[in-house]
Every structure is written in C-alpha cells, then in structure tokens.
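> Just so it is clear, I am handing over my_file36.pdb, which has PDB, C-alpha atoms and all ligand atoms.
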ATOM      1  CA  MET A   1      -5.028   2.119  15.325  1.00  0.00           C
ATOM      2  CA  ARG A   2      -1.962   0.225  16.459  1.00  0.00           C
ATOM      3  CA  PHE A   3      -0.822  -0.977  13.028  1.00  0.00           C
ATOM      4  CA  ARG A   4      -1.071   2.559  11.682  1.00  0.00           C
ATOM      5  CA  THR A   5       1.147   3.876  14.470  1.00  0.00           C
ATOM      6  CA  ALA A   6       3.656   1.095  13.808  1.00  0.00           C
ATOM      7  CA  LEU A   7       3.790   1.957  10.119  1.00  0.00           C
ATOM      8  CA  ILE A   8       4.345   5.604  10.808  1.00  0.00           C
ATOM      9  CA  LEU A   9       7.149   4.614  13.168  1.00  0.00           C
ATOM     10  CA  VAL A  10       8.933   2.449  10.604  1.00  0.00           C
ATOM     11  CA  THR A  11       8.609   5.213   8.044  1.00  0.00           C
ATOM     12  CA  VAL A  12      10.212   7.610  10.478  1.00  0.00           C
ATOM     13  CA  LEU A  13      12.968   5.049  11.141  1.00  0.00           C
ATOM     14  CA  LEU A  14      13.673   4.865   7.430  1.00  0.00           C
ATOM     15  CA  ALA A  15      13.787   8.619   7.187  1.00  0.00           C
ATOM     16  CA  VAL A  16      16.310   8.705  10.024  1.00  0.00           C
ATOM     17  CA  ALA A  17      18.461   6.143   8.213  1.00  0.00           C
ATOM     18  CA  VAL A  18      18.385   8.243   5.056  1.00  0.00           C
ATOM     19  CA  ILE A  19      19.310  11.386   6.926  1.00  0.00           C
ATOM     20  CA  ALA A  20      22.218   9.604   8.573  1.00  0.00           C
ATOM     21  CA  ARG A  21      23.579   8.741   5.147  1.00  0.00           C
ATOM     22  CA  LEU A  22      22.817  11.830   3.228  1.00  0.00           C
ATOM     23  CA  SER A  23      23.764  14.471   5.711  1.00  0.00           C
ATOM     24  CA  GLY A  24      22.164  17.811   5.235  1.00  0.00           C
ATOM     25  CA  ARG A  25      20.020  16.971   2.225  1.00  0.00           C
ATOM     26  CA  PRO A  26      16.304  17.766   2.215  1.00  0.00           C
ATOM     27  CA  LEU A  27      14.526  14.458   2.440  1.00  0.00           C
ATOM     28  CA  LEU A  28      10.878  14.926   1.624  1.00  0.00           C
ATOM     29  CA  GLY A  29      10.787  18.523   0.441  1.00  0.00           C
ATOM     30  CA  ASN A  30       9.914  18.037  -3.228  1.00  0.00           C
ATOM     31  CA  PHE A  31       9.246  14.366  -2.967  1.00  0.00           C
ATOM     32  CA  GLN A  32       6.106  14.211  -5.087  1.00  0.00           C
ATOM     33  CA  HIS A  33       7.513  16.231  -7.939  1.00  0.00           C
ATOM     34  CA  GLU A  34      10.999  14.924  -8.398  1.00  0.00           C
ATOM     35  CA  GLY A  35      11.842  12.128 -10.772  1.00  0.00           C
ATOM     36  CA  THR A  36      12.544   8.679  -9.485  1.00  0.00           C
ATOM     37  CA  ALA A  37      15.031   6.906 -11.657  1.00  0.00           C
ATOM     38  CA  GLY A  38      14.684   3.398 -10.315  1.00  0.00           C
ATOM     39  CA  ALA A  39      15.432   0.270 -12.254  1.00  0.00           C
ATOM     40  CA  HIS A  40      13.280  -0.578 -15.179  1.00  0.00           C
ATOM     41  CA  GLY A  41      11.301  -3.680 -15.605  1.00  0.00           C
ATOM     42  CA  HIS A  42      12.351  -7.283 -16.437  1.00  0.00           C
ATOM     43  CA  GLY A  43      11.059  -9.849 -14.104  1.00  0.00           C
ATOM     44  CA  GLU A  44      13.237 -12.865 -14.436  1.00  0.00           C
ATOM     45  CA  LYS A  45      16.360 -11.376 -12.899  1.00  0.00           C
ATOM     46  CA  THR A  46      14.699 -10.659  -9.593  1.00  0.00           C
ATOM     47  CA  SER A  47      12.391 -13.630  -9.337  1.00  0.00           C
ATOM     48  CA  GLN A  48      14.653 -15.355  -6.852  1.00  0.00           C
ATOM     49  CA  SER A  49      14.896 -12.380  -4.541  1.00  0.00           C
ATOM     50  CA  ARG A  50      11.201 -11.571  -4.721  1.00  0.00           C
ATOM     51  CA  ALA A  51      10.637 -14.561  -2.495  1.00  0.00           C
ATOM     52  CA  GLY A  52      12.554 -12.683   0.201  1.00  0.00           C
ATOM     53  CA  LEU A  53      10.687  -9.407  -0.268  1.00  0.00           C
ATOM     54  CA  LYS A  54       7.616  -9.834   1.862  1.00  0.00           C
ATOM     55  CA  ILE A  55       4.708  -7.586   2.654  1.00  0.00           C
ATOM     56  CA  PRO A  56       4.894  -6.741   6.376  1.00  0.00           C
ATOM     57  CA  GLU A  57       2.747  -9.138   8.377  1.00  0.00           C
ATOM     58  CA  ALA A  58       0.512  -6.391   9.802  1.00  0.00           C
ATOM     59  CA  LEU A  59      -0.398  -5.207   6.303  1.00  0.00           C
ATOM     60  CA  LYS A  60      -0.950  -8.691   4.984  1.00  0.00           C
ATOM     61  CA  ALA A  61      -3.229  -9.452   7.921  1.00  0.00           C
ATOM     62  CA  GLU A  62      -5.113  -6.204   7.335  1.00  0.00           C
ATOM     63  CA  HIS A  63      -5.775  -7.100   3.684  1.00  0.00           C
ATOM     64  CA  GLU A  64      -6.851 -10.619   4.606  1.00  0.00           C
ATOM     65  CA  GLU A  65      -9.199  -9.336   7.295  1.00  0.00           C
ATOM     66  CA  LEU A  66     -10.793  -6.839   4.903  1.00  0.00           C
ATOM     67  CA  HIS A  67     -11.206  -9.585   2.297  1.00  0.00           C
ATOM     68  CA  LYS A  68     -12.904 -11.822   4.837  1.00  0.00           C
ATOM     69  CA  GLU A  69     -15.275  -9.120   6.001  1.00  0.00           C
ATOM     70  CA  LEU A  70     -16.133  -8.187   2.437  1.00  0.00           C
ATOM     71  CA  ALA A  71     -16.970 -11.802   1.636  1.00  0.00           C
ATOM     72  CA  ALA A  72     -19.175 -11.881   4.740  1.00  0.00           C
ATOM     73  CA  ALA A  73     -20.913  -8.646   3.690  1.00  0.00           C
ATOM     74  CA  ILE A  74     -21.735 -10.171   0.295  1.00  0.00           C
ATOM     75  CA  THR A  75     -23.391 -13.152   1.952  1.00  0.00           C
ATOM     76  CA  VAL A  76     -25.878 -11.020   3.914  1.00  0.00           C
ATOM     77  CA  GLY A  77     -27.811 -10.587   0.666  1.00  0.00           C
ATOM     78  CA  GLY A  78     -30.310  -7.850  -0.141  1.00  0.00           C
ATOM     79  CA  GLU A  79     -29.125  -4.460  -1.342  1.00  0.00           C
ATOM     80  CA  THR A  80     -26.296  -4.576   1.186  1.00  0.00           C
ATOM     81  CA  GLY A  81     -24.986  -7.802  -0.341  1.00  0.00           C
ATOM     82  CA  GLN A  82     -25.241  -6.343  -3.840  1.00  0.00           C
ATOM     83  CA  ALA A  83     -23.439  -3.178  -2.815  1.00  0.00           C
ATOM     84  CA  ALA A  84     -20.725  -5.269  -1.135  1.00  0.00           C
ATOM     85  CA  GLN A  85     -20.317  -7.254  -4.352  1.00  0.00           C
ATOM     86  CA  ALA A  86     -19.817  -3.999  -6.244  1.00  0.00           C
ATOM     87  CA  VAL A  87     -17.084  -3.073  -3.740  1.00  0.00           C
ATOM     88  CA  ALA A  88     -15.454  -6.472  -4.312  1.00  0.00           C
ATOM     89  CA  ASP A  89     -15.537  -5.941  -8.087  1.00  0.00           C
ATOM     90  CA  ALA A  90     -13.811  -2.577  -7.703  1.00  0.00           C
ATOM     91  CA  LEU A  91     -11.312  -3.919  -5.194  1.00  0.00           C
ATOM     92  CA  HIS A  92     -10.088  -7.208  -6.608  1.00  0.00           C
ATOM     93  CA  LEU A  93      -7.465  -6.120  -9.143  1.00  0.00           C
ATOM     94  CA  HIS A  94      -6.483  -3.181  -6.978  1.00  0.00           C
ATOM     95  CA  PHE A  95      -5.591  -5.411  -4.019  1.00  0.00           C
ATOM     96  CA  GLU A  96      -3.712  -7.698  -6.374  1.00  0.00           C
ATOM     97  CA  ALA A  97      -1.612  -4.809  -7.700  1.00  0.00           C
ATOM     98  CA  GLU A  98      -0.874  -3.637  -4.180  1.00  0.00           C
ATOM     99  CA  GLU A  99       0.324  -7.048  -3.131  1.00  0.00           C
ATOM    100  CA  ARG A 100       2.369  -7.438  -6.322  1.00  0.00           C
ATOM    101  CA  PHE A 101       4.363  -4.205  -6.202  1.00  0.00           C
ATOM    102  CA  ALA A 102       3.010  -1.455  -3.903  1.00  0.00           C
ATOM    103  CA  LEU A 103       3.444  -3.143  -0.524  1.00  0.00           C
ATOM    104  CA  PRO A 104       6.344  -5.666  -0.679  1.00  0.00           C
ATOM    105  CA  PRO A 105       9.073  -2.957  -0.628  1.00  0.00           C
ATOM    106  CA  LEU A 106       7.786  -1.994   2.824  1.00  0.00           C
ATOM    107  CA  GLY A 107       9.067  -5.363   4.015  1.00  0.00           C
ATOM    108  CA  LEU A 108      12.555  -3.864   3.686  1.00  0.00           C
ATOM    109  CA  LEU A 109      11.943  -0.928   6.036  1.00  0.00           C
ATOM    110  CA  LYS A 110      13.209  -2.680   9.146  1.00  0.00           C
ATOM    111  CA  THR A 111      16.290  -3.989   7.354  1.00  0.00           C
ATOM    112  CA  LEU A 112      17.024  -0.538   5.956  1.00  0.00           C
ATOM    113  CA  ALA A 113      16.665   1.072   9.355  1.00  0.00           C
ATOM    114  CA  GLU A 114      19.110  -1.422  10.832  1.00  0.00           C
ATOM    115  CA  GLY A 115      21.550  -2.153   8.014  1.00  0.00           C
ATOM    116  CA  GLU A 116      21.785  -3.227   4.392  1.00  0.00           C
ATOM    117  CA  PRO A 117      19.429  -5.369   2.313  1.00  0.00           C
ATOM    118  CA  ASP A 118      20.873  -8.011   0.001  1.00  0.00           C
ATOM    119  CA  ALA A 119      21.398  -7.066  -3.644  1.00  0.00           C
ATOM    120  CA  GLY A 120      18.445  -9.097  -4.924  1.00  0.00           C
ATOM    121  CA  SER A 121      15.957  -7.552  -2.506  1.00  0.00           C
ATOM    122  CA  ARG A 122      17.356  -4.138  -3.282  1.00  0.00           C
ATOM    123  CA  GLU A 123      16.871  -4.567  -7.017  1.00  0.00           C
ATOM    124  CA  ALA A 124      13.386  -6.013  -6.616  1.00  0.00           C
ATOM    125  CA  ALA A 125      12.313  -3.176  -4.306  1.00  0.00           C
ATOM    126  CA  ILE A 126      13.615  -0.528  -6.714  1.00  0.00           C
ATOM    127  CA  GLU A 127      11.734  -2.154  -9.565  1.00  0.00           C
ATOM    128  CA  MET A 128       8.486  -2.423  -7.592  1.00  0.00           C
ATOM    129  CA  ALA A 129       8.674   1.156  -6.337  1.00  0.00           C
ATOM    130  CA  SER A 130       9.283   2.294  -9.883  1.00  0.00           C
ATOM    131  CA  MET A 131       6.199   0.375 -10.962  1.00  0.00           C
ATOM    132  CA  LEU A 132       4.159   2.040  -8.199  1.00  0.00           C
ATOM    133  CA  LYS A 133       5.343   5.433  -9.374  1.00  0.00           C
ATOM    134  CA  ARG A 134       4.134   4.666 -12.899  1.00  0.00           C
ATOM    135  CA  GLU A 135       0.826   3.272 -11.639  1.00  0.00           C
ATOM    136  CA  TYR A 136       0.242   5.958  -9.003  1.00  0.00           C
ATOM    137  CA  PRO A 137      -2.513   7.886 -10.822  1.00  0.00           C
ATOM    138  CA  LYS A 138      -4.320   4.635 -11.618  1.00  0.00           C
ATOM    139  CA  MET A 139      -4.068   3.428  -8.019  1.00  0.00           C
ATOM    140  CA  LEU A 140      -5.525   6.714  -6.769  1.00  0.00           C
ATOM    141  CA  ALA A 141      -8.309   6.606  -9.365  1.00  0.00           C
ATOM    142  CA  GLU A 142      -9.138   3.082  -8.203  1.00  0.00           C
ATOM    143  CA  HIS A 143      -9.366   4.361  -4.637  1.00  0.00           C
ATOM    144  CA  GLY A 144     -11.880   6.897  -5.936  1.00  0.00           C
ATOM    145  CA  GLU A 145     -13.988   4.121  -7.475  1.00  0.00           C
ATOM    146  CA  ILE A 146     -13.715   1.980  -4.348  1.00  0.00           C
ATOM    147  CA  LYS A 147     -14.766   4.935  -2.212  1.00  0.00           C
ATOM    148  CA  LYS A 148     -17.834   5.534  -4.367  1.00  0.00           C
ATOM    149  CA  ALA A 149     -18.816   1.873  -4.043  1.00  0.00           C
ATOM    150  CA  LEU A 150     -18.276   2.090  -0.270  1.00  0.00           C
ATOM    151  CA  GLU A 151     -20.461   5.178   0.027  1.00  0.00           C
ATOM    152  CA  LYS A 152     -23.237   3.274  -1.690  1.00  0.00           C
ATOM    153  CA  LEU A 153     -22.651   0.336   0.681  1.00  0.00           C
ATOM    154  CA  ILE A 154     -22.920   2.645   3.693  1.00  0.00           C
ATOM    155  CA  THR A 155     -26.192   4.104   2.409  1.00  0.00           C
ATOM    156  CA  VAL A 156     -27.893   0.771   1.798  1.00  0.00           C
ATOM    157  CA  ALA A 157     -26.440  -0.921   4.887  1.00  0.00           C
ATOM    158  CA  LYS A 158     -27.855   1.891   7.020  1.00  0.00           C
ATOM    159  CA  LYS A 159     -31.195   1.530   5.284  1.00  0.00           C
ATOM    160  CA  GLU A 160     -31.186  -2.228   5.924  1.00  0.00           C
ATOM    161  CA  SER A 161     -29.964  -1.808   9.520  1.00  0.00           C
ATOM    162  CA  ARG A 162     -26.606  -3.517   9.002  1.00  0.00           C
ATOM    163  CA  PRO A 163     -24.274  -1.618  11.367  1.00  0.00           C
ATOM    164  CA  GLY A 164     -21.491  -4.184  10.956  1.00  0.00           C
ATOM    165  CA  GLN A 165     -21.294  -3.504   7.223  1.00  0.00           C
ATOM    166  CA  VAL A 166     -21.415   0.260   7.768  1.00  0.00           C
ATOM    167  CA  GLU A 167     -18.471  -0.051  10.135  1.00  0.00           C
ATOM    168  CA  PHE A 168     -16.595  -2.282   7.684  1.00  0.00           C
ATOM    169  CA  ALA A 169     -17.073   0.268   4.876  1.00  0.00           C
ATOM    170  CA  HIS A 170     -15.622   3.018   7.056  1.00  0.00           C
ATOM    171  CA  ARG A 171     -12.648   0.835   7.920  1.00  0.00           C
ATOM    172  CA  LEU A 172     -11.928   0.103   4.264  1.00  0.00           C
ATOM    173  CA  MET A 173     -12.057   3.828   3.520  1.00  0.00           C
ATOM    174  CA  SER A 174      -9.615   4.436   6.342  1.00  0.00           C
ATOM    175  CA  HIS A 175      -7.355   1.691   4.927  1.00  0.00           C
ATOM    176  CA  ALA A 176      -7.207   3.474   1.563  1.00  0.00           C
ATOM    177  CA  GLN A 177      -6.460   6.761   3.295  1.00  0.00           C
ATOM    178  CA  THR A 178      -3.552   5.183   5.196  1.00  0.00           C
ATOM    179  CA  GLU A 179      -2.183   3.886   1.912  1.00  0.00           C
ATOM    180  CA  GLU A 180      -2.360   7.274   0.270  1.00  0.00           C
ATOM    181  CA  GLU A 181      -0.902   9.188   3.205  1.00  0.00           C
ATOM    182  CA  VAL A 182       1.678   6.703   4.507  1.00  0.00           C
ATOM    183  CA  LEU A 183       2.184   3.420   2.671  1.00  0.00           C
ATOM    184  CA  TYR A 184       2.445   4.423  -0.984  1.00  0.00           C
ATOM    185  CA  PRO A 185       4.773   7.353  -0.172  1.00  0.00           C
ATOM    186  CA  ALA A 186       6.851   5.035   2.038  1.00  0.00           C
ATOM    187  CA  THR A 187       7.248   2.574  -0.846  1.00  0.00           C
ATOM    188  CA  LEU A 188       8.324   5.382  -3.179  1.00  0.00           C
ATOM    189  CA  LEU A 189      10.748   6.559  -0.532  1.00  0.00           C
ATOM    190  CA  VAL A 190      12.267   3.071  -0.219  1.00  0.00           C
ATOM    191  CA  GLY A 191      12.773   2.929  -3.992  1.00  0.00           C
ATOM    192  CA  ARG A 192      14.219   6.399  -4.110  1.00  0.00           C
ATOM    193  CA  PHE A 193      16.584   5.722  -1.251  1.00  0.00           C
ATOM    194  CA  LEU A 194      17.807   2.434  -2.718  1.00  0.00           C
ATOM    195  CA  ALA A 195      18.259   3.886  -6.171  1.00  0.00           C
ATOM    196  CA  GLY A 196      20.319   6.697  -4.685  1.00  0.00           C
ATOM    197  CA  THR A 197      18.271   9.333  -6.442  1.00  0.00           C
ATOM    198  CA  ASP A 198      17.726  11.650  -3.506  1.00  0.00           C
ATOM    199  CA  HIS A 199      18.438  15.054  -4.935  1.00  0.00           C
TER     200      HIS A 199
HETATM  201 FE    FE A 201      -4.956  -2.089   0.309  1.00  0.00          FE
HETATM  202 FE    FE A 202      -5.613   0.515  -1.919  1.00  0.00          FE
END
As structure tokens, please, write out the structure in this file.
Ligand SMILES: [Fe+2]
Ligand SMILES: [Fe+2]

Amino acid sequence: MRFRTALILVTVLLAVAVIARLSGRPLLGNFQHEGTAGAHGHGEKTSQSRAGLKIPEALKAEHEELHKELAAAITVGGETGQAAQAVADALHLHFEAEERFALPPLGLLKTLAEGEPDAGSREAAIEMASMLKREYPKMLAEHGEIKKALEKLITVAKKESRPGQVEFAHRLMSHAQTEEEVLYPATLLVGRFLAGTDH
C-alpha cells in the first residue's frame, strides 16, 4: 500500500535526523522498555499550537475512508449490518483518541527531518506522545476488541455473500496492524526525540 510505504519512509527519515544529532547512540535498541520523560499534561498552554499540529493528510484520509465504509456496511442490514454496528461501537472512542493524541505528532515528522519545529508544536507533540505512552496498553486492548468484532463481521459477511464487507474488515485489521508496527512507535519516537530523552 502506497501510504504505508510513505509512512515507513518518513519514519526512516526521522531516524536519520536523530542519528545525525546523537552520533553513535543506539536509537531503537531498548525503545519499548526505556522510560519516556516527556512533558506532563495541562492543556491550556498548548492549545494555540495544537492548531498547527496536524495529522498527516494520508492518515486522516485513511480514517475518513474507513469511517465511510463502516457506515455503508451498517446500512446493508441483516447480520452483516449488525456486526458492522458492533465494530463501530468498538471503534468510535478509539478513533477519537487516536486523532486527539496518537496521530497528530506524526504531522511533525517532515519538519523534524528537515529542520526544527516551533516551540509550541514541540511542546504539544511531547505531551501527546506522553499521553500515548500512558494509554498504550489500553489502545492495544481496544485493537483486540476491534479485531474480535471484525472477525465476527467477516464470518457473517461471508455467510451473507457480502464480499465488499469482508474486504473492508480485512483492511481495517491491516490498518490496526500498521498502527501497532509503525505509527504508534513513530509517535513515541517523535516524543522521545523532542524531549531529548534518548539514552
Ligand atoms: Fe486508526
Ligand atoms: Fe487503532
């Protein structure tokens, strides 16, 4: 998928920028186990800069497309429609959380690869990445619930001969996998880099 390749590329670009600054340090070696200091919460200070911290267009479009297809799956009715509704119930707050703090720091990747972000964006991204780190287990558990609902959707959509909905369910599963393998770690990496806690 083209957007997936692009995301991997920007992540690599960020890694190169980090290496250029922190010569000789291991970058991802113990990434999952080390502490991330980050800035701690308090919304008002960064509200102005949040406006400038945008989810990358490709990701935003991906979420919107999935939303649209899910809404369409619900309207087909029958067991497929019911199963799609169950997916929507599991997905709603999860998507909201992703768009609130898990994905916007990725909007800084290009800037970081090329230069310096402004102070407000920097602070907001650190705060959001820190929030993702705290919420990580919950986000992964939600993926588990979403996956279960999608498996059910696949089963009933096959039974009701709805290949479009089967394909959609597989794409949403793949979306979650991309988040776990690339996007969430990239957001944590942005926060860690900006907070200067690479050690
Ligand atoms: Fe998502
Ligand atoms: Fe997700």
> Do you know which residues are within 8 Å of ligand FE 202 (chain A) using all atoms listed in the file? Can you write them as a PyMOL selection string?
chain A and resi 91+94-95+98+139-140+142-143+175-176+179-180
> Compute the set of protein, DNA and RNA residues whose minimum atom distance to ligand FE 201 (chain A) is at most 12 Å, using only C-alpha atoms and all ligand atoms, and state it as a VMD selection string.
chain A and resid 55 58 to 67 90 to 104 139 to 140 142 to 143 146 171 to 180 182 to 184
> Looking at all atoms listed in the file, which of A:Ala72, A:Ala113, A:Ala88, A:Ala125 is the one that sits closest to Lys54 (chain A)?
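Ranked by minimum distance to Lys54 (chain A), first place goes to A:Ala125.
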> Measure the distance from CA of Leu108 (chain A) to CA of Leu53 (chain A) in Å and round it to one decimal.
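Those two atoms sit 7.1 Å apart.
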> My list of candidates is A:Ile126, A:Pro117, A:Glu57, A:Pro105. Which is closest to Gly196 (chain A) when distances are computed with only C-alpha atoms?
A:Ile126
